[in-house]
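Peer 1: Just passing along the structure, written as structure tokens.
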Amino acid sequence: QKEGSHSPNDNPSQSQSQQSQPQPSDNHTEEDAAAAVIAAERSAARIERMGYDVGYRLCERLAQHRPLLGPGSPSPETNAESSPSPAAALAGNTAADASPAGNPPIVMGGGHHHTTMDAKTQLEAVKFLCKEFWTEVFRKQIDKLQTNHRGVFVLKDQELKWLKRLPPDEESARVGAIRILAFPCGLIRGALGCLGLNGAVVSCDFLADGRSMASCSFNIKVK
């Protein structure tokens, strides 16, 4: 090397400036992702409330074609002899088919009317939701229903069509799923309220596994 020439590494000030430059980090990416989730959750709360109204009204319309007692019907205490059991009613049986010696008659109906419901009737109401109600909305039934027979139900839909257009990136898909699944959560809560299960807590899980982006589950806790 000739005298007086310097290599780039021989300049201490340049070396220090290179070292002092900020290195790229994931902090901004994580902050942006957290902000996106918060924004999605805020909008999801509004969407869920809209879903509740739609679910309640839709269930009222569907129940008109079933032998159910709607809002405003007398309570079990005042109509215990003439009311069919909800389990028989949801199964499509007539009042004549219902056994009066079986489960005590229970009035099913939303609003603030008095409603009494045992575990078996709760299950029949959720079955109605999984079959008739879900088919009316999505043209298919819930794929799997699980319960502990103590007021906890898990409804699994392996191919919810509203989730099919989510991006393949799993993190972005989860943010989008928060908004999308808020509406069916509201639908479920509204339908259950119409059937007499007021105060039911409904949550959802996005079950994307990299291959299927349309799988989800809905968790119901009846108080």
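Residues are named by chain letter and number: chains run A, B, ... in the order of the structure tokens, numbers start at 1 in each chain, and ligands are numbered from 1 in the order shown.
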DSSP on the backbone, then: every residue of range 173-208 of chain A marked strand (DSSP E), written as JSON, numbers by chain.
Peer 2: {"A": [201, 202, 203, 204, 205, 206]}
Peer 1: Just how far from CA of Leu123 in chain A is CA of Tyr52 in chain A, in Å to one decimal?
Peer 2: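 Atom-to-atom, CA of Tyr52 in chain A to CA of Leu123 in chain A, that is 20.1 Å.
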Peer 1: Distance CA of Glu48 in chain A-CA of Ile220 in chain A, one decimal place?
Peer 2: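 So the answer is 14.6 Å.
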Peer 1: For a quick check of understanding, using only C-alpha atoms, which of A:Val222, A:Phe133, A:Pro168, A:Glu31 has the smallest distance to Ala63 in chain A?
Peer 2: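 Ranked by minimum distance to Ala63 in chain A, first place goes to A:Phe133.
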Peer 1: Which neighbours of range 135-143 of chain A fall inside 9 Å, counting only C-alpha atoms, when residues of the same chain fewer than 5 positions from it are skipped, and could you give them as a PDB file with all heavy atoms, in the first residue's frame?
Peer 2:
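Done, and the output landed in out-v7.pdb:
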```
ATOM      1  N   LEU A  58     -83.983 -12.417  13.676  1.00  0.00           N
ATOM      2  CA  LEU A  58     -84.017 -13.584  12.799  1.00  0.00           C
ATOM      3  C   LEU A  58     -84.549 -14.803  13.542  1.00  0.00           C
ATOM      4  O   LEU A  58     -85.348 -15.577  13.007  1.00  0.00           O
ATOM      5  CB  LEU A  58     -82.618 -13.871  12.254  1.00  0.00           C
ATOM      6  CG  LEU A  58     -82.471 -15.125  11.386  1.00  0.00           C
ATOM      7  CD1 LEU A  58     -83.392 -15.057  10.167  1.00  0.00           C
ATOM      8  CD2 LEU A  58     -81.023 -15.308  10.947  1.00  0.00           C
ATOM      9  N   LEU A  62     -87.731 -17.218  12.685  1.00  0.00           N
ATOM     10  CA  LEU A  62     -87.630 -18.673  12.533  1.00  0.00           C
ATOM     11  C   LEU A  62     -88.524 -19.397  13.540  1.00  0.00           C
ATOM     12  O   LEU A  62     -89.102 -20.439  13.234  1.00  0.00           O
ATOM     13  CB  LEU A  62     -86.179 -19.118  12.713  1.00  0.00           C
ATOM     14  CG  LEU A  62     -85.184 -18.655  11.642  1.00  0.00           C
ATOM     15  CD1 LEU A  62     -83.775 -19.101  12.012  1.00  0.00           C
ATOM     16  CD2 LEU A  62     -85.563 -19.193  10.269  1.00  0.00           C
ATOM     17  N   LEU A 129     -80.067 -23.630  17.473  1.00  0.00           N
ATOM     18  CA  LEU A 129     -79.148 -22.630  16.949  1.00  0.00           C
ATOM     19  C   LEU A 129     -78.178 -23.242  15.943  1.00  0.00           C
ATOM     20  O   LEU A 129     -77.921 -22.670  14.878  1.00  0.00           O
ATOM     21  CB  LEU A 129     -78.380 -21.993  18.105  1.00  0.00           C
ATOM     22  CG  LEU A 129     -77.194 -21.095  17.760  1.00  0.00           C
ATOM     23  CD1 LEU A 129     -77.673 -19.822  17.083  1.00  0.00           C
ATOM     24  CD2 LEU A 129     -76.399 -20.759  19.016  1.00  0.00           C
ATOM     25  N   CYS A 130     -77.643 -24.426  16.269  1.00  0.00           N
ATOM     26  CA  CYS A 130     -76.647 -25.077  15.409  1.00  0.00           C
ATOM     27  C   CYS A 130     -77.240 -25.564  14.095  1.00  0.00           C
ATOM     28  O   CYS A 130     -76.520 -25.644  13.090  1.00  0.00           O
ATOM     29  CB  CYS A 130     -76.012 -26.255  16.141  1.00  0.00           C
ATOM     30  SG  CYS A 130     -75.022 -25.799  17.573  1.00  0.00           S
ATOM     31  N   LEU A 155     -69.124 -24.516  19.910  1.00  0.00           N
ATOM     32  CA  LEU A 155     -69.628 -24.742  18.554  1.00  0.00           C
ATOM     33  C   LEU A 155     -68.473 -24.549  17.585  1.00  0.00           C
ATOM     34  O   LEU A 155     -67.844 -23.485  17.569  1.00  0.00           O
ATOM     35  CB  LEU A 155     -70.744 -23.748  18.216  1.00  0.00           C
ATOM     36  CG  LEU A 155     -72.139 -23.954  18.839  1.00  0.00           C
ATOM     37  CD1 LEU A 155     -72.103 -23.982  20.356  1.00  0.00           C
ATOM     38  CD2 LEU A 155     -73.080 -22.863  18.358  1.00  0.00           C
ATOM     39  N   LYS A 156     -68.178 -25.568  16.787  1.00  0.00           N
ATOM     40  CA  LYS A 156     -67.056 -25.501  15.849  1.00  0.00           C
ATOM     41  C   LYS A 156     -67.560 -25.498  14.415  1.00  0.00           C
ATOM     42  O   LYS A 156     -68.339 -26.348  14.014  1.00  0.00           O
ATOM     43  CB  LYS A 156     -66.097 -26.673  16.072  1.00  0.00           C
ATOM     44  CG  LYS A 156     -65.364 -26.618  17.405  1.00  0.00           C
ATOM     45  CD  LYS A 156     -64.322 -27.710  17.524  1.00  0.00           C
ATOM     46  CE  LYS A 156     -63.568 -27.607  18.843  1.00  0.00           C
ATOM     47  NZ  LYS A 156     -62.538 -28.663  18.979  1.00  0.00           N
ATOM     48  N   ASP A 157     -67.089 -24.507  13.672  1.00  0.00           N
ATOM     49  CA  ASP A 157     -67.362 -24.424  12.237  1.00  0.00           C
ATOM     50  C   ASP A 157     -66.032 -24.534  11.515  1.00  0.00           C
ATOM     51  O   ASP A 157     -65.177 -23.662  11.633  1.00  0.00           O
ATOM     52  CB  ASP A 157     -68.059 -23.099  11.897  1.00  0.00           C
ATOM     53  CG  ASP A 157     -68.655 -23.097  10.492  1.00  0.00           C
ATOM     54  OD1 ASP A 157     -68.025 -23.686   9.584  1.00  0.00           O
ATOM     55  OD2 ASP A 157     -69.733 -22.519  10.298  1.00  0.00           O
ATOM     56  N   GLN A 158     -65.859 -25.616  10.781  1.00  0.00           N
ATOM     57  CA  GLN A 158     -64.577 -25.878  10.126  1.00  0.00           C
ATOM     58  C   GLN A 158     -64.390 -25.080   8.839  1.00  0.00           C
ATOM     59  O   GLN A 158     -63.274 -25.015   8.318  1.00  0.00           O
ATOM     60  CB  GLN A 158     -64.451 -27.385   9.806  1.00  0.00           C
ATOM     61  CG  GLN A 158     -64.606 -28.297  10.991  1.00  0.00           C
ATOM     62  CD  GLN A 158     -63.490 -28.144  12.005  1.00  0.00           C
ATOM     63  OE1 GLN A 158     -62.461 -27.536  11.745  1.00  0.00           O
ATOM     64  NE2 GLN A 158     -63.693 -28.688  13.192  1.00  0.00           N
ATOM     65  N   GLU A 159     -65.462 -24.465   8.343  1.00  0.00           N
ATOM     66  CA  GLU A 159     -65.345 -23.742   7.080  1.00  0.00           C
ATOM     67  C   GLU A 159     -66.372 -22.599   7.048  1.00  0.00           C
ATOM     68  O   GLU A 159     -67.350 -22.646   6.312  1.00  0.00           O
ATOM     69  CB  GLU A 159     -65.565 -24.684   5.887  1.00  0.00           C
ATOM     70  CG  GLU A 159     -65.103 -24.101   4.562  1.00  0.00           C
ATOM     71  CD  GLU A 159     -65.149 -25.133   3.442  1.00  0.00           C
ATOM     72  OE1 GLU A 159     -65.413 -26.316   3.716  1.00  0.00           O
ATOM     73  OE2 GLU A 159     -64.922 -24.739   2.292  1.00  0.00           O
ATOM     74  N   LEU A 160     -66.122 -21.591   7.845  1.00  0.00           N
ATOM     75  CA  LEU A 160     -66.991 -20.418   7.852  1.00  0.00           C
ATOM     76  C   LEU A 160     -66.659 -19.571   6.623  1.00  0.00           C
ATOM     77  O   LEU A 160     -65.548 -19.053   6.502  1.00  0.00           O
ATOM     78  CB  LEU A 160     -66.788 -19.616   9.128  1.00  0.00           C
ATOM     79  CG  LEU A 160     -67.781 -18.476   9.357  1.00  0.00           C
ATOM     80  CD1 LEU A 160     -69.167 -19.036   9.686  1.00  0.00           C
ATOM     81  CD2 LEU A 160     -67.304 -17.561  10.477  1.00  0.00           C
ATOM     82  N   LYS A 161     -67.616 -19.423   5.732  1.00  0.00           N
ATOM     83  CA  LYS A 161     -67.317 -18.826   4.431  1.00  0.00           C
ATOM     84  C   LYS A 161     -66.869 -17.370   4.541  1.00  0.00           C
ATOM     85  O   LYS A 161     -66.149 -16.872   3.664  1.00  0.00           O
ATOM     86  CB  LYS A 161     -68.520 -18.930   3.508  1.00  0.00           C
ATOM     87  CG  LYS A 161     -69.770 -18.221   3.993  1.00  0.00           C
ATOM     88  CD  LYS A 161     -70.913 -18.441   3.013  1.00  0.00           C
ATOM     89  CE  LYS A 161     -72.186 -17.738   3.457  1.00  0.00           C
ATOM     90  NZ  LYS A 161     -73.296 -17.983   2.497  1.00  0.00           N
TER      91      LYS A 161
END
```
Peer 1: Which polymer residues have any atom within 8 Å of an atom of range 194-211 of chain A, counting only C-alpha atoms, with same-chain residues fewer than 5 positions away left out, as a PDB file with N, CA and C atoms, in the first residue's frame?
Peer 2:
```pdb
ATOM      1  N   TYR A  56     -81.411 -11.706  17.096  1.00  0.00           N
ATOM      2  CA  TYR A  56     -82.649 -11.762  17.871  1.00  0.00           C
ATOM      3  C   TYR A  56     -83.856 -11.761  16.940  1.00  0.00           C
ATOM      4  N   ARG A  57     -83.861 -10.841  15.973  1.00  0.00           N
ATOM      5  CA  ARG A  57     -85.008 -10.718  15.071  1.00  0.00           C
ATOM      6  C   ARG A  57     -85.127 -11.924  14.142  1.00  0.00           C
ATOM      7  N   CYS A  59     -84.121 -14.984  14.786  1.00  0.00           N
ATOM      8  CA  CYS A  59     -84.599 -16.122  15.571  1.00  0.00           C
ATOM      9  C   CYS A  59     -86.090 -15.997  15.847  1.00  0.00           C
ATOM     10  N   GLU A  60     -86.571 -14.789  16.071  1.00  0.00           N
ATOM     11  CA  GLU A  60     -88.010 -14.587  16.243  1.00  0.00           C
ATOM     12  C   GLU A  60     -88.769 -15.054  15.007  1.00  0.00           C
ATOM     13  N   PRO A  71     -92.038 -14.170  23.109  1.00  0.00           N
ATOM     14  CA  PRO A  71     -92.102 -13.158  24.157  1.00  0.00           C
ATOM     15  C   PRO A  71     -93.544 -12.729  24.410  1.00  0.00           C
ATOM     16  N   MET A 108     -90.302 -20.507  26.619  1.00  0.00           N
ATOM     17  CA  MET A 108     -89.112 -19.999  25.969  1.00  0.00           C
ATOM     18  C   MET A 108     -89.481 -18.717  25.266  1.00  0.00           C
ATOM     19  N   GLY A 109     -88.756 -17.680  25.526  1.00  0.00           N
ATOM     20  CA  GLY A 109     -89.017 -16.397  24.890  1.00  0.00           C
ATOM     21  C   GLY A 109     -88.037 -15.375  25.399  1.00  0.00           C
ATOM     22  N   GLY A 110     -87.685 -14.414  24.551  1.00  0.00           N
ATOM     23  CA  GLY A 110     -86.686 -13.427  24.940  1.00  0.00           C
ATOM     24  C   GLY A 110     -87.290 -12.300  25.738  1.00  0.00           C
ATOM     25  N   GLY A 111     -86.607 -11.166  25.683  1.00  0.00           N
ATOM     26  CA  GLY A 111     -87.070 -10.000  26.416  1.00  0.00           C
ATOM     27  C   GLY A 111     -86.829 -10.162  27.900  1.00  0.00           C
ATOM     28  N   THR A 115     -88.254 -16.649  32.483  1.00  0.00           N
ATOM     29  CA  THR A 115     -87.888 -17.848  31.747  1.00  0.00           C
ATOM     30  C   THR A 115     -87.127 -18.786  32.665  1.00  0.00           C
ATOM     31  N   MET A 117     -85.153 -22.570  32.679  1.00  0.00           N
ATOM     32  CA  MET A 117     -84.615 -23.506  31.702  1.00  0.00           C
ATOM     33  C   MET A 117     -83.636 -24.448  32.377  1.00  0.00           C
ATOM     34  N   GLN A 122     -81.627 -26.221  27.706  1.00  0.00           N
ATOM     35  CA  GLN A 122     -80.542 -25.397  27.185  1.00  0.00           C
ATOM     36  C   GLN A 122     -79.886 -26.072  25.989  1.00  0.00           C
ATOM     37  N   ALA A 125     -82.065 -25.855  22.946  1.00  0.00           N
ATOM     38  CA  ALA A 125     -82.027 -24.516  22.374  1.00  0.00           C
ATOM     39  C   ALA A 125     -80.758 -24.299  21.556  1.00  0.00           C
ATOM     40  N   PRO A 168     -53.241 -14.821   3.595  1.00  0.00           N
ATOM     41  CA  PRO A 168     -52.547 -16.032   4.076  1.00  0.00           C
ATOM     42  C   PRO A 168     -51.644 -15.788   5.275  1.00  0.00           C
ATOM     43  N   GLU A 170     -50.758 -15.224   8.794  1.00  0.00           N
ATOM     44  CA  GLU A 170     -51.570 -15.594   9.950  1.00  0.00           C
ATOM     45  C   GLU A 170     -51.831 -14.413  10.878  1.00  0.00           C
ATOM     46  N   ARG A 174     -55.527 -12.864  11.698  1.00  0.00           N
ATOM     47  CA  ARG A 174     -56.132 -12.819  13.026  1.00  0.00           C
ATOM     48  C   ARG A 174     -56.748 -11.448  13.308  1.00  0.00           C
ATOM     49  N   ALA A 177     -59.905 -11.389  11.412  1.00  0.00           N
ATOM     50  CA  ALA A 177     -60.899 -12.300  11.981  1.00  0.00           C
ATOM     51  C   ALA A 177     -61.589 -11.705  13.192  1.00  0.00           C
ATOM     52  N   LEU A 181     -65.550 -12.156  12.974  1.00  0.00           N
ATOM     53  CA  LEU A 181     -66.225 -13.067  13.894  1.00  0.00           C
ATOM     54  C   LEU A 181     -67.090 -12.342  14.928  1.00  0.00           C
ATOM     55  N   CYS A 185     -70.751 -13.763  16.487  1.00  0.00           N
ATOM     56  CA  CYS A 185     -70.862 -13.814  17.960  1.00  0.00           C
ATOM     57  C   CYS A 185     -72.125 -13.092  18.405  1.00  0.00           C
ATOM     58  N   GLY A 186     -72.377 -11.928  17.799  1.00  0.00           N
ATOM     59  CA  GLY A 186     -73.595 -11.201  18.115  1.00  0.00           C
ATOM     60  C   GLY A 186     -74.837 -11.943  17.673  1.00  0.00           C
ATOM     61  N   ILE A 188     -75.244 -15.158  17.546  1.00  0.00           N
ATOM     62  CA  ILE A 188     -75.468 -16.241  18.507  1.00  0.00           C
ATOM     63  C   ILE A 188     -76.075 -15.702  19.792  1.00  0.00           C
ATOM     64  N   ARG A 189     -75.516 -14.621  20.299  1.00  0.00           N
ATOM     65  CA  ARG A 189     -76.013 -14.059  21.558  1.00  0.00           C
ATOM     66  C   ARG A 189     -77.450 -13.568  21.400  1.00  0.00           C
ATOM     67  N   CYS A 216     -63.124 -21.923  12.872  1.00  0.00           N
ATOM     68  CA  CYS A 216     -63.296 -21.130  14.083  1.00  0.00           C
ATOM     69  C   CYS A 216     -64.197 -21.883  15.051  1.00  0.00           C
ATOM     70  N   SER A 217     -64.241 -21.416  16.266  1.00  0.00           N
ATOM     71  CA  SER A 217     -65.132 -21.991  17.270  1.00  0.00           C
ATOM     72  C   SER A 217     -65.768 -20.864  18.068  1.00  0.00           C
ATOM     73  N   PHE A 218     -66.969 -21.137  18.566  1.00  0.00           N
ATOM     74  CA  PHE A 218     -67.712 -20.177  19.377  1.00  0.00           C
ATOM     75  C   PHE A 218     -67.975 -20.815  20.748  1.00  0.00           C
ATOM     76  N   ASN A 219     -67.624 -20.103  21.785  1.00  0.00           N
ATOM     77  CA  ASN A 219     -67.752 -20.615  23.149  1.00  0.00           C
ATOM     78  C   ASN A 219     -68.893 -19.910  23.851  1.00  0.00           C
ATOM     79  N   ILE A 220     -69.829 -20.674  24.367  1.00  0.00           N
ATOM     80  CA  ILE A 220     -71.027 -20.141  25.014  1.00  0.00           C
ATOM     81  C   ILE A 220     -71.007 -20.546  26.481  1.00  0.00           C
ATOM     82  N   LYS A 221     -71.203 -19.564  27.340  1.00  0.00           N
ATOM     83  CA  LYS A 221     -71.337 -19.810  28.772  1.00  0.00           C
ATOM     84  C   LYS A 221     -72.668 -19.243  29.211  1.00  0.00           C
ATOM     85  N   VAL A 222     -73.575 -20.126  29.620  1.00  0.00           N
ATOM     86  CA  VAL A 222     -74.906 -19.716  30.062  1.00  0.00           C
ATOM     87  C   VAL A 222     -74.851 -19.452  31.553  1.00  0.00           C
ATOM     88  N   LYS A 223     -75.257 -18.256  31.954  1.00  0.00           N
ATOM     89  CA  LYS A 223     -75.227 -17.897  33.373  1.00  0.00           C
ATOM     90  C   LYS A 223     -76.406 -18.513  34.113  1.00  0.00           C
TER      91      LYS A 223
END
```
Peer 1: Point out the residue among A:Met213, A:Thr121, A:Leu187, A:Asn148 with the least atom-to-atom distance to Asp169 in chain A, counting only C-alpha atoms.
Peer 2: A:Met213
Peer 1: List the spatial neighbours of Ala33 in chain A as an MDAnalysis selection string - criterion: any atom at most 12 Å away, only C-alpha atoms, same-chain residues fewer than 2 positions off excluded.
Peer 2: chainID A and resid 26:31 35:40 171:176
Peer 1: Fewer than 5 positions away in the same chain doesn't count, so skip those; otherwise give me all residues within 9 Å of Val126 in chain A, counting only C-alpha atoms, as a CSV table (one decimal) with C-alpha atoms, in the first residue's frame.
Peer 2:
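What ended up in around15.csv:
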```
chain,number,residue,atom,x,y,z
A,121,THR,CA,-83.7,-27.6,27.5
A,131,LYS,CA,-79.1,-26.5,12.9
A,145,LEU,CA,-71.2,-29.2,19.2
A,153,PHE,CA,-71.1,-25.1,24.9
A,192,LEU,CA,-80.0,-17.3,22.5
```
Peer 1: Using only C-alpha atoms, determine which residues lie at most 10 Å from Met50 in chain A, disregarding the query and same-chain residues fewer than 6 positions distant; provide the list as number ranges by chain.
Peer 2: A: 44, 182-184, 186-187, 190
Peer 1: May I have the residues from that selection written out with all heavy atoms, as a PDB file, in the first residue's frame?
Peer 2:
```
ATOM      1  N   ALA A  44     -65.016  -4.172  16.615  1.00  0.00           N
ATOM      2  CA  ALA A  44     -65.718  -5.444  16.811  1.00  0.00           C
ATOM      3  C   ALA A  44     -66.840  -5.312  17.821  1.00  0.00           C
ATOM      4  O   ALA A  44     -67.879  -5.973  17.697  1.00  0.00           O
ATOM      5  CB  ALA A  44     -64.731  -6.528  17.248  1.00  0.00           C
ATOM      6  N   ALA A 182     -66.928 -11.028  15.027  1.00  0.00           N
ATOM      7  CA  ALA A 182     -67.756 -10.281  15.974  1.00  0.00           C
ATOM      8  C   ALA A 182     -69.227 -10.368  15.603  1.00  0.00           C
ATOM      9  O   ALA A 182     -70.096 -10.469  16.482  1.00  0.00           O
ATOM     10  CB  ALA A 182     -67.313  -8.814  16.021  1.00  0.00           C
ATOM     11  N   PHE A 183     -69.526 -10.350  14.312  1.00  0.00           N
ATOM     12  CA  PHE A 183     -70.928 -10.371  13.894  1.00  0.00           C
ATOM     13  C   PHE A 183     -71.598 -11.709  14.206  1.00  0.00           C
ATOM     14  O   PHE A 183     -72.680 -11.728  14.800  1.00  0.00           O
ATOM     15  CB  PHE A 183     -71.051 -10.035  12.410  1.00  0.00           C
ATOM     16  CG  PHE A 183     -72.450  -9.710  11.992  1.00  0.00           C
ATOM     17  CD1 PHE A 183     -73.006  -8.467  12.244  1.00  0.00           C
ATOM     18  CD2 PHE A 183     -73.232 -10.652  11.333  1.00  0.00           C
ATOM     19  CE1 PHE A 183     -74.305  -8.165  11.862  1.00  0.00           C
ATOM     20  CE2 PHE A 183     -74.528 -10.364  10.943  1.00  0.00           C
ATOM     21  CZ  PHE A 183     -75.066  -9.109  11.221  1.00  0.00           C
ATOM     22  N   PRO A 184     -71.008 -12.861  13.830  1.00  0.00           N
ATOM     23  CA  PRO A 184     -71.641 -14.124  14.231  1.00  0.00           C
ATOM     24  C   PRO A 184     -71.697 -14.325  15.735  1.00  0.00           C
ATOM     25  O   PRO A 184     -72.625 -14.973  16.237  1.00  0.00           O
ATOM     26  CB  PRO A 184     -70.785 -15.198  13.539  1.00  0.00           C
ATOM     27  CG  PRO A 184     -69.532 -14.534  13.138  1.00  0.00           C
ATOM     28  CD  PRO A 184     -69.873 -13.094  12.914  1.00  0.00           C
ATOM     29  N   GLY A 186     -72.377 -11.928  17.799  1.00  0.00           N
ATOM     30  CA  GLY A 186     -73.595 -11.201  18.115  1.00  0.00           C
ATOM     31  C   GLY A 186     -74.837 -11.943  17.673  1.00  0.00           C
ATOM     32  O   GLY A 186     -75.852 -11.952  18.381  1.00  0.00           O
ATOM     33  N   LEU A 187     -74.767 -12.582  16.499  1.00  0.00           N
ATOM     34  CA  LEU A 187     -75.895 -13.388  16.029  1.00  0.00           C
ATOM     35  C   LEU A 187     -76.255 -14.468  17.048  1.00  0.00           C
ATOM     36  O   LEU A 187     -77.433 -14.673  17.365  1.00  0.00           O
ATOM     37  CB  LEU A 187     -75.553 -14.042  14.685  1.00  0.00           C
ATOM     38  CG  LEU A 187     -75.476 -13.156  13.450  1.00  0.00           C
ATOM     39  CD1 LEU A 187     -75.001 -13.981  12.257  1.00  0.00           C
ATOM     40  CD2 LEU A 187     -76.817 -12.506  13.143  1.00  0.00           C
ATOM     41  N   GLY A 190     -77.758 -12.951  20.260  1.00  0.00           N
ATOM     42  CA  GLY A 190     -79.117 -12.483  20.033  1.00  0.00           C
ATOM     43  C   GLY A 190     -80.099 -13.628  19.914  1.00  0.00           C
ATOM     44  O   GLY A 190     -81.208 -13.574  20.465  1.00  0.00           O
TER      45      GLY A 190
END
```
